[in-house]
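Visitor: Pasting entry.cif below, which is mmCIF, C-alpha atoms and all ligand atoms.
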```cif
data_run
#
loop_
_atom_site.label_atom_id
_atom_site.label_comp_id
_atom_site.auth_asym_id
_atom_site.auth_seq_id
_atom_site.Cartn_x
_atom_site.Cartn_y
_atom_site.Cartn_z
CA PRO A 1 -3.20 13.88 26.40
CA PHE A 2 -4.34 10.82 24.50
CA ASP A 3 -3.56 7.31 25.70
CA VAL A 4 -3.36 6.13 22.10
CA LEU A 5 -2.99 8.43 19.10
CA VAL A 6 -3.24 6.75 15.71
CA VAL A 7 -1.65 8.45 12.70
CA GLY A 8 -3.32 7.29 9.48
CA GLY A 9 -6.92 6.41 8.66
CA GLY A 10 -6.63 3.43 6.34
CA PRO A 11 -7.57 -0.17 7.25
CA ALA A 12 -4.64 -0.43 9.70
CA GLY A 13 -5.31 2.88 11.47
CA ALA A 14 -9.09 2.40 11.67
CA THR A 15 -8.65 -1.06 13.17
CA ALA A 16 -6.06 0.16 15.67
CA ALA A 17 -8.40 2.98 16.77
CA ILE A 18 -11.32 0.60 17.32
CA TYR A 19 -9.23 -1.90 19.28
CA ALA A 20 -7.83 0.90 21.46
CA ALA A 21 -11.21 2.56 22.05
CA ARG A 22 -12.71 -0.77 23.07
CA LYS A 23 -10.25 -0.79 25.99
CA GLY A 24 -11.93 2.36 27.28
CA ILE A 25 -8.81 4.47 26.89
CA ARG A 26 -8.53 7.95 25.38
CA THR A 27 -8.08 7.42 21.65
CA GLY A 28 -7.53 9.80 18.76
CA ILE A 29 -6.97 9.28 15.05
CA VAL A 30 -5.45 11.82 12.71
CA ALA A 31 -5.51 11.19 8.97
CA GLU A 32 -4.68 13.08 5.85
CA ARG A 33 -7.38 11.17 3.98
CA PHE A 34 -9.59 8.85 5.98
CA GLY A 35 -9.93 5.53 4.11
CA GLY A 36 -6.43 5.50 2.62
CA GLN A 37 -5.56 3.47 -0.46
CA ILE A 38 -8.91 1.71 -0.59
CA LEU A 39 -10.45 5.01 -1.71
CA ASP A 40 -8.60 4.41 -5.00
CA THR A 41 -9.70 0.79 -5.30
CA LEU A 42 -12.66 -0.38 -7.31
CA GLY A 43 -13.52 -4.03 -6.71
CA ILE A 44 -12.32 -5.88 -3.63
CA GLU A 45 -12.83 -9.66 -3.66
CA ASN A 46 -10.35 -10.83 -1.04
CA PHE A 47 -11.65 -9.15 2.10
CA ILE A 48 -12.66 -12.45 3.61
CA SER A 49 -16.34 -12.95 4.51
CA VAL A 50 -17.34 -10.21 2.05
CA LYS A 51 -17.45 -11.74 -1.44
CA TYR A 52 -17.39 -8.41 -3.23
CA THR A 53 -17.21 -4.80 -2.15
CA GLU A 54 -15.87 -1.55 -3.52
CA GLY A 55 -13.18 0.63 -2.00
CA PRO A 56 -15.21 3.76 -1.25
CA LYS A 57 -17.95 1.61 0.30
CA LEU A 58 -15.47 -0.20 2.54
CA ALA A 59 -13.92 3.15 3.50
CA ALA A 60 -17.36 4.45 4.51
CA SER A 61 -17.99 1.38 6.68
CA LEU A 62 -14.58 1.76 8.29
CA GLU A 63 -15.41 5.33 9.21
CA GLU A 64 -18.87 4.40 10.47
CA HIS A 65 -17.39 1.65 12.63
CA VAL A 66 -14.79 4.01 14.12
CA LYS A 67 -17.48 6.63 14.79
CA HIS A 68 -19.47 4.07 16.76
CA TYR A 69 -16.79 4.43 19.46
CA ASN A 70 -15.56 7.36 21.44
CA VAL A 71 -12.67 8.23 19.13
CA ASP A 72 -11.51 11.77 18.43
CA ILE A 73 -11.28 11.85 14.61
CA MET A 74 -9.10 14.52 13.02
CA ASN A 75 -9.49 14.07 9.26
CA LEU A 76 -7.73 16.06 6.52
CA GLN A 77 -4.74 16.71 8.76
CA ARG A 78 -1.23 15.83 7.75
CA VAL A 79 1.36 14.96 10.38
CA GLN A 80 4.89 16.23 9.77
CA ARG A 81 6.92 15.38 12.86
CA LEU A 82 7.09 13.03 15.84
CA GLU A 83 9.17 13.59 18.94
CA LYS A 84 9.54 11.51 22.08
CA LYS A 85 9.64 13.63 25.22
CA ASP A 86 7.89 12.72 28.50
CA LEU A 87 4.91 12.19 26.27
CA ILE A 88 5.07 11.60 22.54
CA GLU A 89 4.45 14.75 20.54
CA VAL A 90 3.00 14.71 17.06
CA GLU A 91 3.06 17.93 15.09
CA LEU A 92 0.53 18.63 12.34
CA GLU A 93 1.32 20.56 9.20
CA ASN A 94 -0.82 23.43 10.52
CA GLY A 95 1.53 23.71 13.52
CA ALA A 96 -0.78 22.17 16.15
CA VAL A 97 0.90 19.68 18.49
CA LEU A 98 -0.93 16.59 19.79
CA LYS A 99 0.35 14.75 22.85
CA SER A 100 -0.09 11.09 23.66
CA LYS A 101 1.29 8.34 25.86
CA THR A 102 1.51 6.00 22.88
CA VAL A 103 1.37 6.52 19.12
CA ILE A 104 0.48 4.03 16.41
CA ILE A 105 1.86 4.95 13.00
CA ALA A 106 -0.31 3.61 10.17
CA THR A 107 0.52 5.97 7.31
CA GLY A 108 0.49 3.28 4.62
CA ALA A 109 2.25 3.40 1.29
CA ARG A 110 1.83 4.53 -2.29
CA TRP A 111 2.57 2.70 -5.53
CA ARG A 112 5.23 4.42 -7.59
CA ASN A 113 3.59 5.59 -10.82
CA LEU A 114 5.12 5.33 -14.28
CA GLY A 115 4.03 8.82 -15.17
CA VAL A 116 3.21 8.07 -18.81
CA PRO A 117 0.11 9.13 -20.78
CA GLY A 118 -2.83 6.78 -20.18
CA GLU A 119 -1.68 5.55 -16.78
CA SER A 120 -3.97 7.62 -14.60
CA GLU A 121 -6.71 7.74 -17.23
CA PHE A 122 -7.00 3.92 -17.29
CA LYS A 123 -6.48 3.23 -13.56
CA ASN A 124 -8.98 0.49 -12.67
CA LYS A 125 -9.75 0.22 -16.41
CA GLY A 126 -6.87 -2.08 -17.23
CA VAL A 127 -4.06 -0.34 -15.36
CA ALA A 128 -3.46 -2.15 -12.06
CA TYR A 129 -0.88 -2.26 -9.30
CA CYS A 130 -1.75 -5.30 -7.21
CA PRO A 131 -1.62 -8.77 -8.81
CA HIS A 132 -3.10 -10.46 -5.70
CA CYS A 133 -6.05 -8.10 -5.96
CA ASP A 134 -6.72 -7.64 -9.65
CA GLY A 135 -5.00 -10.64 -11.30
CA PRO A 136 -8.22 -12.70 -11.61
CA LEU A 137 -9.86 -9.89 -13.62
CA PHE A 138 -7.45 -10.69 -16.46
CA GLU A 139 -8.18 -14.40 -16.82
CA GLY A 140 -7.43 -15.52 -20.36
CA LYS A 141 -6.20 -12.08 -21.42
CA HIS A 142 -2.85 -10.62 -22.45
CA VAL A 143 -1.23 -8.41 -19.84
CA ALA A 144 2.05 -6.56 -19.44
CA VAL A 145 4.04 -6.23 -16.24
CA ILE A 146 6.20 -3.13 -16.08
CA GLY A 147 9.28 -3.71 -13.96
CA GLY A 148 11.68 -6.62 -13.75
CA GLY A 149 12.64 -6.44 -10.10
CA ASN A 150 11.46 -9.02 -7.55
CA SER A 151 7.92 -7.67 -7.35
CA GLY A 152 7.57 -7.42 -11.14
CA VAL A 153 8.85 -10.93 -11.75
CA GLU A 154 6.75 -12.37 -8.90
CA ALA A 155 3.74 -10.63 -10.39
CA ALA A 156 4.51 -12.03 -13.85
CA ILE A 157 4.84 -15.59 -12.50
CA ASP A 158 1.58 -15.18 -10.58
CA LEU A 159 -0.25 -13.70 -13.59
CA ALA A 160 1.09 -16.35 -15.99
CA GLY A 161 -1.13 -18.85 -14.17
CA ILE A 162 -4.23 -16.74 -14.84
CA ALA A 163 -3.67 -14.70 -18.00
CA LYS A 164 -3.22 -16.08 -21.50
CA HIS A 165 0.05 -14.27 -22.03
CA VAL A 166 2.31 -12.05 -19.93
CA THR A 167 4.85 -9.61 -21.36
CA VAL A 168 7.42 -8.23 -18.94
CA LEU A 169 8.88 -4.84 -19.83
CA GLU A 170 12.13 -3.96 -18.08
CA PHE A 171 13.77 -0.56 -18.54
CA ALA A 172 17.32 -1.76 -17.85
CA PRO A 173 19.34 -4.13 -20.04
CA GLU A 174 18.89 -6.91 -17.43
CA LEU A 175 16.19 -8.08 -15.02
CA LYS A 176 16.98 -7.24 -11.41
CA ALA A 177 14.98 -10.02 -9.74
CA ASP A 178 16.65 -12.87 -7.82
CA ALA A 179 18.08 -15.60 -10.05
CA VAL A 180 15.63 -18.25 -8.79
CA LEU A 181 12.69 -16.05 -9.75
CA GLN A 182 14.19 -15.35 -13.17
CA ASP A 183 14.71 -19.10 -13.76
CA ARG A 184 11.10 -19.76 -12.88
CA LEU A 185 9.95 -16.92 -15.12
CA TYR A 186 11.95 -18.12 -18.13
CA SER A 187 10.58 -21.65 -17.66
CA LEU A 188 7.03 -20.46 -18.32
CA PRO A 189 5.73 -20.95 -21.87
CA ASN A 190 3.36 -17.97 -21.91
CA VAL A 191 5.78 -15.24 -20.80
CA THR A 192 7.84 -12.89 -22.99
CA VAL A 193 10.55 -10.69 -21.49
CA ILE A 194 11.53 -7.46 -23.22
CA LYS A 195 14.54 -5.60 -21.82
CA ASN A 196 15.70 -2.08 -22.55
CA ALA A 197 12.06 -1.13 -22.92
CA GLN A 198 10.96 2.37 -22.03
CA THR A 199 7.19 2.53 -21.70
CA LYS A 200 5.89 5.47 -23.69
CA GLU A 201 2.14 5.27 -23.49
CA ILE A 202 -0.75 3.12 -22.32
CA ALA A 203 -3.47 3.25 -24.95
CA GLY A 204 -7.17 2.49 -24.91
CA THR A 205 -10.68 3.70 -25.54
CA ASP A 206 -12.89 3.01 -22.53
CA LYS A 207 -10.40 0.34 -21.37
CA VAL A 208 -6.75 -0.44 -22.03
CA ASN A 209 -6.12 -1.97 -25.46
CA GLY A 210 -2.38 -1.62 -25.90
CA ILE A 211 0.98 -0.32 -24.83
CA THR A 212 3.72 1.50 -26.70
CA TYR A 213 7.38 1.29 -25.72
CA ILE A 214 10.69 2.45 -27.10
CA ASP A 215 13.51 -0.05 -27.52
CA ARG A 216 16.30 1.90 -25.85
CA ALA A 217 18.97 0.01 -27.79
CA THR A 218 17.62 0.92 -31.23
CA GLY A 219 15.40 3.91 -30.48
CA LYS A 220 12.56 2.17 -32.35
CA GLU A 221 8.99 2.39 -31.16
CA HIS A 222 6.87 -0.77 -30.72
CA HIS A 223 3.21 -1.35 -29.96
CA ILE A 224 1.67 -4.40 -28.29
CA GLU A 225 -2.06 -5.07 -28.19
CA LEU A 226 -3.14 -6.21 -24.73
CA GLN A 227 -5.85 -5.72 -22.13
CA GLY A 228 -4.01 -5.08 -18.88
CA VAL A 229 -0.90 -3.35 -17.52
CA PHE A 230 0.47 -4.10 -14.04
CA VAL A 231 2.85 -1.39 -12.86
CA GLN A 232 5.44 -2.93 -10.53
CA ILE A 233 8.13 -0.33 -10.07
CA GLY A 234 7.96 -0.01 -6.32
CA LEU A 235 5.77 0.56 -3.28
CA VAL A 236 6.92 3.56 -1.28
CA PRO A 237 6.03 3.73 2.44
CA ASN A 238 4.78 7.12 3.71
CA THR A 239 7.48 7.38 6.35
CA GLU A 240 9.76 10.19 5.15
CA TRP A 241 8.57 12.37 8.05
CA LEU A 242 10.09 9.90 10.55
CA ASP A 243 13.65 10.36 9.30
CA GLY A 244 16.13 9.92 12.13
CA VAL A 245 13.40 9.28 14.72
CA VAL A 246 12.00 5.79 14.15
CA GLU A 247 14.09 2.92 12.81
CA ARG A 248 13.32 1.90 9.22
CA ASN A 249 14.80 -0.62 6.76
CA ARG A 250 16.48 0.23 3.45
CA PHE A 251 13.09 0.45 1.74
CA GLY A 252 11.93 3.03 4.27
CA GLU A 253 9.58 0.56 5.99
CA ILE A 254 9.23 0.90 9.76
CA ILE A 255 10.76 -2.07 11.55
CA VAL A 256 8.31 -3.61 14.04
CA ASP A 257 8.39 -6.59 16.37
CA LYS A 258 5.61 -9.14 16.80
CA ARG A 259 3.65 -6.71 19.01
CA GLY A 260 3.92 -3.91 16.48
CA ALA A 261 6.48 -2.04 18.61
CA THR A 262 9.14 0.14 16.97
CA ASN A 263 12.56 0.99 18.44
CA VAL A 264 11.03 4.03 20.22
CA PRO A 265 9.27 3.07 23.48
CA GLY A 266 5.56 3.79 23.20
CA VAL A 267 5.64 4.14 19.42
CA PHE A 268 3.98 1.33 17.48
CA ALA A 269 3.32 0.86 13.77
CA ALA A 270 0.99 -1.17 11.57
CA GLY A 271 0.03 -1.86 7.98
CA ASP A 272 1.73 -1.02 4.69
CA CYS A 273 4.16 1.48 6.27
CA THR A 274 5.88 -1.38 8.16
CA ASP A 275 8.22 -4.17 7.11
CA SER A 276 5.37 -6.69 6.96
CA ALA A 277 6.06 -9.19 4.18
CA TYR A 278 2.77 -8.65 2.32
CA LYS A 279 0.60 -5.57 1.87
CA GLN A 280 -3.12 -6.30 1.86
CA ILE A 281 -6.24 -4.94 3.55
CA ILE A 282 -6.79 -7.96 5.74
CA ILE A 283 -3.12 -8.06 6.74
CA SER A 284 -3.12 -4.33 7.59
CA MET A 285 -6.17 -4.78 9.75
CA GLY A 286 -4.53 -7.67 11.60
CA SER A 287 -1.43 -5.64 12.27
CA GLY A 288 -3.55 -2.64 13.34
CA ALA A 289 -5.20 -4.84 15.96
CA THR A 290 -1.81 -6.17 17.04
CA ALA A 291 -0.34 -2.67 17.43
CA ALA A 292 -3.33 -1.48 19.50
CA LEU A 293 -3.08 -4.46 21.83
CA GLY A 294 0.68 -3.90 21.98
CA ALA A 295 0.12 -0.26 22.92
CA PHE A 296 -2.43 -1.22 25.58
CA ASP A 297 0.01 -3.73 27.04
CA TYR A 298 2.67 -1.01 27.11
CA LEU A 299 0.29 1.39 28.89
CA ILE A 300 -0.57 -1.02 31.69
CA ARG A 301 3.12 -1.74 32.30
CA ASN A 302 4.35 1.87 32.30
P1 LIG B 401 -3.28 3.09 3.67
O1 LIG B 401 -4.49 2.48 3.14
O2 LIG B 401 -2.23 3.56 2.72
O3 LIG B 401 -3.70 4.29 4.62
C1 LIG B 401 -2.76 5.23 5.09
C2 LIG B 401 -3.46 6.34 5.83
O4 LIG B 401 -2.48 7.21 6.39
C3 LIG B 401 -4.35 7.23 4.97
O5 LIG B 401 -5.45 7.64 5.73
C4 LIG B 401 -3.43 8.40 4.66
O6 LIG B 401 -4.15 9.58 4.30
C5 LIG B 401 -2.75 8.55 5.98
N1 LIG B 401 -1.47 9.28 5.97
C6 LIG B 401 -0.37 9.06 5.20
N2 LIG B 401 0.61 9.93 5.52
C7 LIG B 401 0.12 10.72 6.52
C8 LIG B 401 0.64 11.82 7.29
N3 LIG B 401 1.88 12.29 7.13
N4 LIG B 401 -0.18 12.40 8.21
C9 LIG B 401 -1.44 11.95 8.41
N5 LIG B 401 -1.98 10.91 7.73
C10 LIG B 401 -1.20 10.31 6.79
N6 LIG B 401 -5.64 -4.89 -0.85
C11 LIG B 401 -6.46 -5.95 -0.74
O7 LIG B 401 -6.41 -6.67 0.27
N7 LIG B 401 -7.38 -6.22 -1.72
C12 LIG B 401 -7.52 -5.47 -2.84
O8 LIG B 401 -8.35 -5.76 -3.71
C13 LIG B 401 -6.65 -4.34 -2.99
N8 LIG B 401 -6.71 -3.57 -4.09
C14 LIG B 401 -5.89 -2.46 -4.18
C15 LIG B 401 -6.02 -1.64 -5.30
C16 LIG B 401 -5.26 -0.48 -5.40
C17 LIG B 401 -5.45 0.41 -6.60
C18 LIG B 401 -4.34 -0.15 -4.35
C19 LIG B 401 -3.55 1.13 -4.42
C20 LIG B 401 -4.20 -0.97 -3.26
C21 LIG B 401 -4.96 -2.15 -3.16
N9 LIG B 401 -4.84 -3.02 -2.07
C22 LIG B 401 -5.70 -4.09 -1.94
C23 LIG B 401 -3.87 -2.78 -0.98
C24 LIG B 401 -4.55 -2.15 0.23
O9 LIG B 401 -5.30 -1.04 -0.19
C25 LIG B 401 -3.51 -1.76 1.28
O10 LIG B 401 -2.78 -2.90 1.66
C26 LIG B 401 -4.15 -1.17 2.53
O11 LIG B 401 -4.97 -0.06 2.19
C27 LIG B 401 -3.10 -0.73 3.53
O12 LIG B 401 -3.73 -0.13 4.61
P2 LIG B 401 -2.95 0.87 5.57
O13 LIG B 401 -3.95 1.30 6.56
O14 LIG B 401 -1.71 0.24 6.04
O15 LIG B 401 -2.48 2.08 4.65
#
```
Would you mind writing the structure in this file as structure tokens?
Guide:
Amino acid sequence: PFDVLVVGGGPAGATAAIYAARKGIRTGIVAERFGGQILDTLGIENFISVKYTEGPKLAASLEEHVKHYNVDIMNLQRVQRLEKKDLIEVELENGAVLKSKTVIIATGARWRNLGVPGESEFKNKGVAYCPHCDGPLFEGKHVAVIGGGNSGVEAAIDLAGIAKHVTVLEFAPELKADAVLQDRLYSLPNVTVIKNAQTKEIAGTDKVNGITYIDRATGKEHHIELQGVFVQIGLVPNTEWLDGVVERNRFGEIIVDKRGATNVPGVFAAGDCTDSAYKQIIISMGSGATAALGAFDYLIRN
């Protein structure tokens, strides 16, 4: 059996594997897609100490760093079940069962997509999901934020300080964000809020140049010329497979303590799949390190 088995090969999982392997214990990592979300990311400017890099390049360095250690890498394998027996058993979709004394879950998350024409076509060409990451690319431009929940309104407030103008499009008749965020939003001079707006299409040529929505109250179609669209309709953790096994919050995020431990002894979690307040590469790496050290601590005590 493994001492530490990491599930997930993004920044959190790769970091956890390296920290575990450096303790000289038997370490494995199983990932559906080694690299994780950064494979879908173009420019990265907030991975501190590296002024600029690109997602696929960072993913390749992650893999190279992991391979420098004695880690059993099982890529292109999806895990579908976890069960705590004497050891912890992790079952792959192909039916194979891996056994380990501790497991670190680092299966990340996915942004909920709008599913309208133009969205996938213009990803990284004006369509963005992370204001902390891509906000500065839209300095002085007009952007839309789709979604009027807490994350949408926070994004709009954040972007209003960078962009020339921000238009918030909310599907429902009212914004759902906390009142204090809404007050702050409405106090900003360069923000317009449109409710009852159903996004129909994101338009562009080589880059985004506009958005079309339907006013659900009147049925009329409207077009706005702009350069960026931030989709903020939810970040979904990849934790469905842990139903009834590991404790999660109402968003589906795994609840961890300050050592990365879950409610199941020997099972730790890190990165975007947990209830960490913010989801970023550098934060995922920090929590991956924490979970590996937590797992090592657990091993020497049990
Ligand atoms: P992930 O990167 O999501 O990795 C999860 C891993 O688990 C993957 O290997 C996946 O294949 C695997 N996995 C999932 N389910 C299973 C399963 N059932 N079985 C086996 N393996 C599984 N952050 C920044 O700091 N700066 C940026 O500039 C930035 N830009 C971004 C741009 C985009 C378009 C996106 C989508 C995100 C961006 N982020 C950015 C956020 C950042 O990518 C994430 O915070 C970070 O990747 C989270 O790392 P993670 O390891 O927790 O999860």
Visitor: Could you give me the axis-aligned bounding box of ligand LIG 401 (chain B), with 8 Å of padding per side, as centre plus edge lengths in Å to one decimal, as lines of an AutoDock Vina configuration file?
Guide:
```
center_x = -3.2
center_y = 2.9
center_z = 0.9
size_x = 26.2
size_y = 35.1
size_z = 31.0
```
Visitor: Can you tell me, as number ranges by chain, what residues are no more than 9 Å from Leu114 in chain A when counting all atoms listed in the file, ignoring any on the same chain fewer than 5 positions away?
Guide: A: 119, 146, 199, 231, 233
Visitor: A:Leu82, A:Ile224, A:Leu299, A:Gly108: which is nearest Ser287 in chain A, counting all atoms listed in the file?
Guide: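 With all atoms listed in the file as the atom set, the closest residue is A:Gly108.
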Visitor: Quick one: residues within 9 Å of Ile194 in chain A, all atoms listed in the file, excluding same-chain residues fewer than 6 positions away - as an NGL selection string?
Guide: :A and (167-171 or 215)
Visitor: Interatomic distance between CA of Glu221 in chain A and CA of Arg112 in chain A?
Guide: 24.0 Å
Visitor: Under the rule that all atoms listed in the file are counted, which of A:Asn263, A:Ser187, A:Asn249, A:Gln232 is the nearest residue to Ser276 in chain A?
Guide: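 For Ser276 in chain A, the nearest of the candidates is A:Asn249.
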Visitor: What separation in Å, quoted to one decimal, exists between CA of Ala177 in chain A and CA of Ile214 in chain A?
Guide: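 These two atoms are separated by 21.8 Å.
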Visitor: My list of candidates is A:Arg26, A:Arg248, A:Lys258, A:Lys207. Which is closest to Lys125 in chain A when distances are computed with all atoms listed in the file?
Guide: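 The answer is A:Lys207, which sits nearest to Lys125 in chain A.
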Visitor: Around ligand LIG 401 (chain B), at most 7 Å away and counting only C-alpha atoms and all ligand atoms, which residues are there? Put them as a PyMOL selection string, please.
Guide: chain A and resi 7-13+30-38+40-41+43-47+77-80+106-111+128-130+133-134+238+241+270-273+279-282+284
Visitor: Since the input is missing atoms for range 139-151 of chain A, could you rebuild it with N, CA and C atoms and give the result as a PDB file, in the coordinates of the input?
Guide:
```
ATOM      1  N   GLU A 139      -8.191 -12.988 -16.429  1.00  0.00           N
ATOM      2  CA  GLU A 139      -8.180 -14.400 -16.820  1.00  0.00           C
ATOM      3  C   GLU A 139      -8.306 -14.533 -18.345  1.00  0.00           C
ATOM      4  N   GLY A 140      -7.363 -15.266 -18.923  1.00  0.00           N
ATOM      5  CA  GLY A 140      -7.430 -15.520 -20.360  1.00  0.00           C
ATOM      6  C   GLY A 140      -7.043 -14.341 -21.244  1.00  0.00           C
ATOM      7  N   LYS A 141      -6.543 -13.263 -20.631  1.00  0.00           N
ATOM      8  CA  LYS A 141      -6.200 -12.080 -21.420  1.00  0.00           C
ATOM      9  C   LYS A 141      -4.680 -11.904 -21.537  1.00  0.00           C
ATOM     10  N   HIS A 142      -4.277 -10.934 -22.320  1.00  0.00           N
ATOM     11  CA  HIS A 142      -2.850 -10.620 -22.450  1.00  0.00           C
ATOM     12  C   HIS A 142      -2.545  -9.385 -21.597  1.00  0.00           C
ATOM     13  N   VAL A 143      -1.585  -9.533 -20.712  1.00  0.00           N
ATOM     14  CA  VAL A 143      -1.230  -8.410 -19.840  1.00  0.00           C
ATOM     15  C   VAL A 143       0.275  -8.139 -19.912  1.00  0.00           C
ATOM     16  N   ALA A 144       0.633  -6.909 -19.582  1.00  0.00           N
ATOM     17  CA  ALA A 144       2.050  -6.560 -19.440  1.00  0.00           C
ATOM     18  C   ALA A 144       2.336  -6.320 -17.973  1.00  0.00           C
ATOM     19  N   VAL A 145       3.563  -6.626 -17.565  1.00  0.00           N
ATOM     20  CA  VAL A 145       4.040  -6.230 -16.240  1.00  0.00           C
ATOM     21  C   VAL A 145       5.194  -5.280 -16.491  1.00  0.00           C
ATOM     22  N   ILE A 146       5.111  -4.092 -15.931  1.00  0.00           N
ATOM     23  CA  ILE A 146       6.200  -3.130 -16.080  1.00  0.00           C
ATOM     24  C   ILE A 146       7.088  -3.248 -14.854  1.00  0.00           C
ATOM     25  N   GLY A 147       8.353  -3.594 -15.088  1.00  0.00           N
ATOM     26  CA  GLY A 147       9.280  -3.710 -13.960  1.00  0.00           C
ATOM     27  C   GLY A 147       9.786  -5.132 -13.827  1.00  0.00           C
ATOM     28  N   GLY A 148      11.096  -5.292 -13.830  1.00  0.00           N
ATOM     29  CA  GLY A 148      11.680  -6.620 -13.750  1.00  0.00           C
ATOM     30  C   GLY A 148      12.464  -6.852 -12.476  1.00  0.00           C
ATOM     31  N   GLY A 149      12.067  -6.177 -11.419  1.00  0.00           N
ATOM     32  CA  GLY A 149      12.640  -6.440 -10.100  1.00  0.00           C
ATOM     33  C   GLY A 149      11.892  -7.619  -9.481  1.00  0.00           C
ATOM     34  N   ASN A 150      12.133  -7.884  -8.180  1.00  0.00           N
ATOM     35  CA  ASN A 150      11.460  -9.020  -7.550  1.00  0.00           C
ATOM     36  C   ASN A 150       9.944  -8.915  -7.637  1.00  0.00           C
ATOM     37  N   SER A 151       9.392  -7.731  -7.365  1.00  0.00           N
ATOM     38  CA  SER A 151       7.920  -7.670  -7.350  1.00  0.00           C
ATOM     39  C   SER A 151       7.356  -7.826  -8.753  1.00  0.00           C
TER      40      SER A 151
END
```
